[in-house]
Amino acid sequence: LDNHLISTRNTLFFNKLKIDFDAAYQINHRRLETDTLMPAVTLIDMEDRLLVYDVKMRYRFSKKNLLIGGMQGNTENNRNATAPVVLLPDADMSTISAFALWQGNYFSEKLHTQIGVRYDLTTLHILLDEARDMQYENPSFTAGMTYKLSSRLLWRVNIASAFRAPNLAELTQDGLHGTRYEKGNAELNPQRNYEADMSLHYHINKFELTASPFYNRILDYIYLSPTADTTAGGQTIYRYLQSNSTIYGGEVSGESLLMPFLKAKASYGYLHGVQDNGNYLPLIPQNTVRLSLTAFWKQYRFIKKPSVSLESVNAFAQNHPSSFETKTNGYQLLNMI
């Protein structure tokens, strides 16, 4: 594996205007040679070139009002040599997006609001047996607020839409990925979602509590699913499928300072994913409870800010598998950091 990367990060200041410009160019050349045949045979020989850029501008109209805008994107070229195994076909891809976000504070800093819009354009030129050109575009938005109900209680709420075009692997992949055979779907539509989330945050001197539920409605949700089909070698074939789906859940967490050098934290995470036809989505993680104790000091001899943590992860059984998945038993992990 040969990998070359050059990157640059820049910040420019013009009175009230601040501009961040980041860019990177990467060349990745992957070759896979057999170790059981002599002389060795090169099975995979693929080179990928990627240019990524991000321009972000911040203009502060006043202490309470800030405008953020910019553009970001990438261009990518993927080429295979004469090796017999082709993980991904030759392709030219590009993505460009423009965005703007307005932030403001009102009512003596108690209310913080933000409204944003974004436009994305993705193009793909895929060189299979017949060249195929694809283009996906879509606008999206976000709107939210944080309200300081009291000196100890914060309320946050946000609604948003988002857009994601299918990537090259989801469209074209046809081969082993580790021990799993994955097969793409050239007919995939871009996925779009509408979501709402909220959180309540309460804190006092030595204790804080946060509750964060969310609801996510996804149209043409793209997911990888096991099927009943197998390869000649017996590997299960996973296919990229899509369906209108809903994912919802949330997390409740609390943290307390028990002693000047000891804090405890507990959290419960819940996630549920279901398709419109009533089938459960695949690869949905188990609900978990995490408990931890952390001891910390400002300094111990010559060591600055040492700490040690003991964490218990309790995962519940996953009793809602999708088609061709199996149920997963609960388990418990004990970690020390």
# chains A, B, ... in the order shown; residues from 1 in each chain; ligands from 1
>>> select_by_dssp(residues="region 142-325 of chain A", states="strand (DSSP E)", output="ChimeraX atom specification")
/A:142-148,153-164,174-177,180-183,191-204,207-230,236-259,262-275,288-296,299-300,303-304,307-315
>>> residues_around(residues="Thr236 (chain A)", least_positions_apart="4", cutoff="12 Å", atoms="only C-alpha atoms", output="number ranges by chain")
A: 175-177, 179-183, 225-232, 324-325
>>> residues_around(residues="region 9-18 of chain A", least_positions_apart="4", cutoff="6 Å", atoms="only C-alpha atoms", output="PyMOL selection string")
chain A and resi 22+57-60
>>> closest_atom_pairs(of="region 184-292 of chain A", to="region 160-168 of chain A", cutoff="9 Å", atoms="only C-alpha atoms", output="CSV")
residue,atom,partner,partner_atom,distance
A:Gly184,CA,A:Leu168,CA,8.6
A:Leu188,CA,A:Pro166,CA,6.8
A:Asn189,CA,A:Pro166,CA,7.1
A:Pro190,CA,A:Ala165,CA,4.4
A:Gln191,CA,A:Arg164,CA,5.4
A:Arg192,CA,A:Phe163,CA,4.6
A:Asn193,CA,A:Ala162,CA,5.3
A:Tyr194,CA,A:Ser161,CA,4.4
A:Glu195,CA,A:Ala160,CA,5.5
A:Ala196,CA,A:Ala160,CA,6.6
A:Asp197,CA,A:Ala160,CA,8.9
A:Ile222,CA,A:Pro166,CA,7.7
>>> closest_residue(among="A:Asn277, A:Ser245, A:Thr328, A:Ser309", to="Leu262 (chain A)", atoms="only C-alpha atoms")
A:Ser309
>>> residues_around(residues="Ile247 (chain A)", least_positions_apart="3", cutoff="10 Å", atoms="only C-alpha atoms", output="VMD selection string")
chain A and resid 195 214 to 218 271 to 275 281 284
>>> write_last_selection(atoms="N, CA and C atoms", output="compact mmCIF listing (two decimals), in the first residue's frame")
# COMPACT_ATOMS: atom_id res chain seq x y z
N GLU A 195 -35.68 15.09 10.09
CA GLU A 195 -35.48 14.66 11.47
C GLU A 195 -35.77 15.79 12.44
N PHE A 214 -34.71 11.63 19.70
CA PHE A 214 -34.70 12.06 18.31
C PHE A 214 -35.65 11.18 17.50
N TYR A 215 -36.08 11.72 16.35
CA TYR A 215 -36.95 10.99 15.42
C TYR A 215 -36.45 11.29 14.02
N ASN A 216 -36.19 10.25 13.23
CA ASN A 216 -35.58 10.42 11.91
C ASN A 216 -36.39 9.64 10.88
N ARG A 217 -37.00 10.37 9.96
CA ARG A 217 -37.76 9.77 8.86
C ARG A 217 -36.90 9.80 7.61
N ILE A 218 -36.59 8.62 7.05
CA ILE A 218 -35.65 8.52 5.93
C ILE A 218 -36.35 7.91 4.73
N LEU A 271 -32.23 2.60 20.54
CA LEU A 271 -32.31 2.82 19.10
C LEU A 271 -33.25 1.79 18.50
N HIS A 272 -34.14 2.27 17.62
CA HIS A 272 -35.13 1.40 16.99
C HIS A 272 -35.22 1.78 15.52
N GLY A 273 -35.11 0.80 14.61
CA GLY A 273 -35.18 1.06 13.18
C GLY A 273 -36.13 0.10 12.50
N VAL A 274 -37.09 0.64 11.75
CA VAL A 274 -38.10 -0.21 11.11
C VAL A 274 -38.44 0.35 9.73
N GLN A 275 -38.70 -0.56 8.79
CA GLN A 275 -39.12 -0.16 7.45
C GLN A 275 -40.63 0.05 7.42
N LEU A 281 -34.96 -2.96 10.38
CA LEU A 281 -33.75 -2.67 9.62
C LEU A 281 -32.61 -3.55 10.11
N ILE A 284 -28.88 -2.96 13.29
CA ILE A 284 -29.23 -2.00 14.33
C ILE A 284 -28.57 -2.45 15.64
>>> residues_around(residues="Tyr268 (chain A)", least_positions_apart="5", cutoff="6 Å", atoms="only C-alpha atoms", output="PDB file with all heavy atoms, in the first residue's frame")
ATOM      1  N   GLU A 251     -31.013   9.082  24.227  1.00  0.00           N
ATOM      2  CA  GLU A 251     -30.083   8.748  25.301  1.00  0.00           C
ATOM      3  C   GLU A 251     -30.396   9.580  26.532  1.00  0.00           C
ATOM      4  O   GLU A 251     -30.747  10.760  26.418  1.00  0.00           O
ATOM      5  CB  GLU A 251     -28.641   8.996  24.859  1.00  0.00           C
ATOM      6  CG  GLU A 251     -27.606   8.590  25.904  1.00  0.00           C
ATOM      7  CD  GLU A 251     -26.178   8.839  25.450  1.00  0.00           C
ATOM      8  OE1 GLU A 251     -25.832  10.009  25.225  1.00  0.00           O
ATOM      9  OE2 GLU A 251     -25.416   7.861  25.334  1.00  0.00           O
ATOM     10  N   VAL A 252     -30.287   8.953  27.681  1.00  0.00           N
ATOM     11  CA  VAL A 252     -30.398   9.636  28.971  1.00  0.00           C
ATOM     12  C   VAL A 252     -29.090   9.392  29.706  1.00  0.00           C
ATOM     13  O   VAL A 252     -28.635   8.240  29.815  1.00  0.00           O
ATOM     14  CB  VAL A 252     -31.582   9.110  29.799  1.00  0.00           C
ATOM     15  CG1 VAL A 252     -31.630   9.803  31.159  1.00  0.00           C
ATOM     16  CG2 VAL A 252     -32.894   9.325  29.056  1.00  0.00           C
ATOM     17  N   THR A 288     -28.038  -0.198  25.223  1.00  0.00           N
ATOM     18  CA  THR A 288     -26.970  -0.394  26.202  1.00  0.00           C
ATOM     19  C   THR A 288     -27.120   0.520  27.409  1.00  0.00           C
ATOM     20  O   THR A 288     -27.663   1.627  27.309  1.00  0.00           O
ATOM     21  CB  THR A 288     -25.588  -0.138  25.567  1.00  0.00           C
ATOM     22  OG1 THR A 288     -25.554   1.190  25.035  1.00  0.00           O
ATOM     23  CG2 THR A 288     -25.294  -1.137  24.461  1.00  0.00           C
ATOM     24  N   VAL A 289     -26.619   0.031  28.517  1.00  0.00           N
ATOM     25  CA  VAL A 289     -26.446   0.825  29.733  1.00  0.00           C
ATOM     26  C   VAL A 289     -24.951   0.865  30.033  1.00  0.00           C
ATOM     27  O   VAL A 289     -24.290  -0.181  30.074  1.00  0.00           O
ATOM     28  CB  VAL A 289     -27.211   0.218  30.919  1.00  0.00           C
ATOM     29  CG1 VAL A 289     -26.836   0.938  32.215  1.00  0.00           C
ATOM     30  CG2 VAL A 289     -28.713   0.310  30.695  1.00  0.00           C
TER      31      VAL A 289
END
>>> select_by_dssp(residues="region 65-296 of chain A", states="alpha helix (DSSP H)", output="PDB file with all heavy atoms, in the first residue's frame")
ATOM      1  N   LEU A 168     -19.958   4.987  -4.736  1.00  0.00           N
ATOM      2  CA  LEU A 168     -19.523   4.062  -5.775  1.00  0.00           C
ATOM      3  C   LEU A 168     -19.638   2.608  -5.323  1.00  0.00           C
ATOM      4  O   LEU A 168     -20.051   1.738  -6.099  1.00  0.00           O
ATOM      5  CB  LEU A 168     -18.080   4.381  -6.176  1.00  0.00           C
ATOM      6  CG  LEU A 168     -17.499   3.576  -7.342  1.00  0.00           C
ATOM      7  CD1 LEU A 168     -18.297   3.822  -8.611  1.00  0.00           C
ATOM      8  CD2 LEU A 168     -16.030   3.927  -7.551  1.00  0.00           C
ATOM      9  N   ALA A 169     -19.298   2.318  -4.076  1.00  0.00           N
ATOM     10  CA  ALA A 169     -19.381   0.945  -3.577  1.00  0.00           C
ATOM     11  C   ALA A 169     -20.829   0.460  -3.554  1.00  0.00           C
ATOM     12  O   ALA A 169     -21.122  -0.676  -3.952  1.00  0.00           O
ATOM     13  CB  ALA A 169     -18.769   0.864  -2.183  1.00  0.00           C
ATOM     14  N   GLU A 170     -21.735   1.315  -3.080  1.00  0.00           N
ATOM     15  CA  GLU A 170     -23.148   0.919  -3.003  1.00  0.00           C
ATOM     16  C   GLU A 170     -23.736   0.679  -4.392  1.00  0.00           C
ATOM     17  O   GLU A 170     -24.621  -0.155  -4.574  1.00  0.00           O
ATOM     18  CB  GLU A 170     -23.944   1.989  -2.270  1.00  0.00           C
ATOM     19  CG  GLU A 170     -23.570   2.113  -0.806  1.00  0.00           C
ATOM     20  CD  GLU A 170     -24.116   3.370  -0.161  1.00  0.00           C
ATOM     21  OE1 GLU A 170     -24.451   4.321  -0.895  1.00  0.00           O
ATOM     22  OE2 GLU A 170     -24.205   3.418   1.081  1.00  0.00           O
ATOM     23  N   LEU A 171     -23.237   1.387  -5.387  1.00  0.00           N
ATOM     24  CA  LEU A 171     -23.756   1.252  -6.750  1.00  0.00           C
ATOM     25  C   LEU A 171     -23.150   0.080  -7.508  1.00  0.00           C
ATOM     26  O   LEU A 171     -23.830  -0.570  -8.311  1.00  0.00           O
ATOM     27  CB  LEU A 171     -23.502   2.538  -7.530  1.00  0.00           C
ATOM     28  CG  LEU A 171     -24.284   3.779  -7.098  1.00  0.00           C
ATOM     29  CD1 LEU A 171     -23.705   5.021  -7.754  1.00  0.00           C
ATOM     30  CD2 LEU A 171     -25.760   3.643  -7.434  1.00  0.00           C
ATOM     31  N   THR A 172     -21.870  -0.222  -7.271  1.00  0.00           N
ATOM     32  CA  THR A 172     -21.158  -1.130  -8.184  1.00  0.00           C
ATOM     33  C   THR A 172     -20.451  -2.301  -7.522  1.00  0.00           C
ATOM     34  O   THR A 172     -20.023  -3.220  -8.232  1.00  0.00           O
ATOM     35  CB  THR A 172     -20.103  -0.346  -8.975  1.00  0.00           C
ATOM     36  OG1 THR A 172     -19.088   0.137  -8.076  1.00  0.00           O
ATOM     37  CG2 THR A 172     -20.727   0.839  -9.707  1.00  0.00           C
TER      38      THR A 172
END
>>> residues_around(residues="Asp133 (chain A)", least_positions_apart="4", cutoff="8 Å", atoms="only C-alpha atoms", output="count of residues only")
4
>>> closest_residue(among="A:Ser108, A:Gln173, A:Thr294, A:Thr210", to="Ala186 (chain A)", atoms="only C-alpha atoms")
A:Gln173
>>> residues_around(residues="Gly73 (chain A)", least_positions_apart="3", cutoff="7 Å", atoms="only C-alpha atoms", output="ChimeraX atom specification")
/A:52-54,95-97
>>> write_last_selection(atoms="N, CA, C and O atoms", output="PDB file, in the first residue's frame")
ATOM      1  N   VAL A  52      -9.700  17.175  -1.880  1.00  0.00           N
ATOM      2  CA  VAL A  52     -10.759  17.631  -0.986  1.00  0.00           C
ATOM      3  C   VAL A  52     -10.502  19.094  -0.644  1.00  0.00           C
ATOM      4  O   VAL A  52      -9.357  19.480  -0.378  1.00  0.00           O
ATOM      5  N   TYR A  53     -11.549  19.923  -0.650  1.00  0.00           N
ATOM      6  CA  TYR A  53     -11.389  21.332  -0.310  1.00  0.00           C
ATOM      7  C   TYR A  53     -12.583  21.804   0.520  1.00  0.00           C
ATOM      8  O   TYR A  53     -13.687  21.269   0.424  1.00  0.00           O
ATOM      9  N   ASP A  54     -12.341  22.827   1.340  1.00  0.00           N
ATOM     10  CA  ASP A  54     -13.368  23.361   2.237  1.00  0.00           C
ATOM     11  C   ASP A  54     -13.072  24.840   2.475  1.00  0.00           C
ATOM     12  O   ASP A  54     -11.998  25.185   2.976  1.00  0.00           O
ATOM     13  N   THR A  95     -18.135  16.018  -6.022  1.00  0.00           N
ATOM     14  CA  THR A  95     -19.209  16.535  -5.170  1.00  0.00           C
ATOM     15  C   THR A  95     -18.895  17.988  -4.851  1.00  0.00           C
ATOM     16  O   THR A  95     -17.758  18.327  -4.522  1.00  0.00           O
ATOM     17  N   ILE A  96     -19.911  18.840  -4.968  1.00  0.00           N
ATOM     18  CA  ILE A  96     -19.750  20.241  -4.599  1.00  0.00           C
ATOM     19  C   ILE A  96     -21.000  20.683  -3.861  1.00  0.00           C
ATOM     20  O   ILE A  96     -22.110  20.265  -4.189  1.00  0.00           O
ATOM     21  N   SER A  97     -20.807  21.497  -2.831  1.00  0.00           N
ATOM     22  CA  SER A  97     -21.947  21.975  -2.045  1.00  0.00           C
ATOM     23  C   SER A  97     -21.674  23.402  -1.597  1.00  0.00           C
ATOM     24  O   SER A  97     -20.522  23.814  -1.420  1.00  0.00           O
TER      25      SER A  97
END
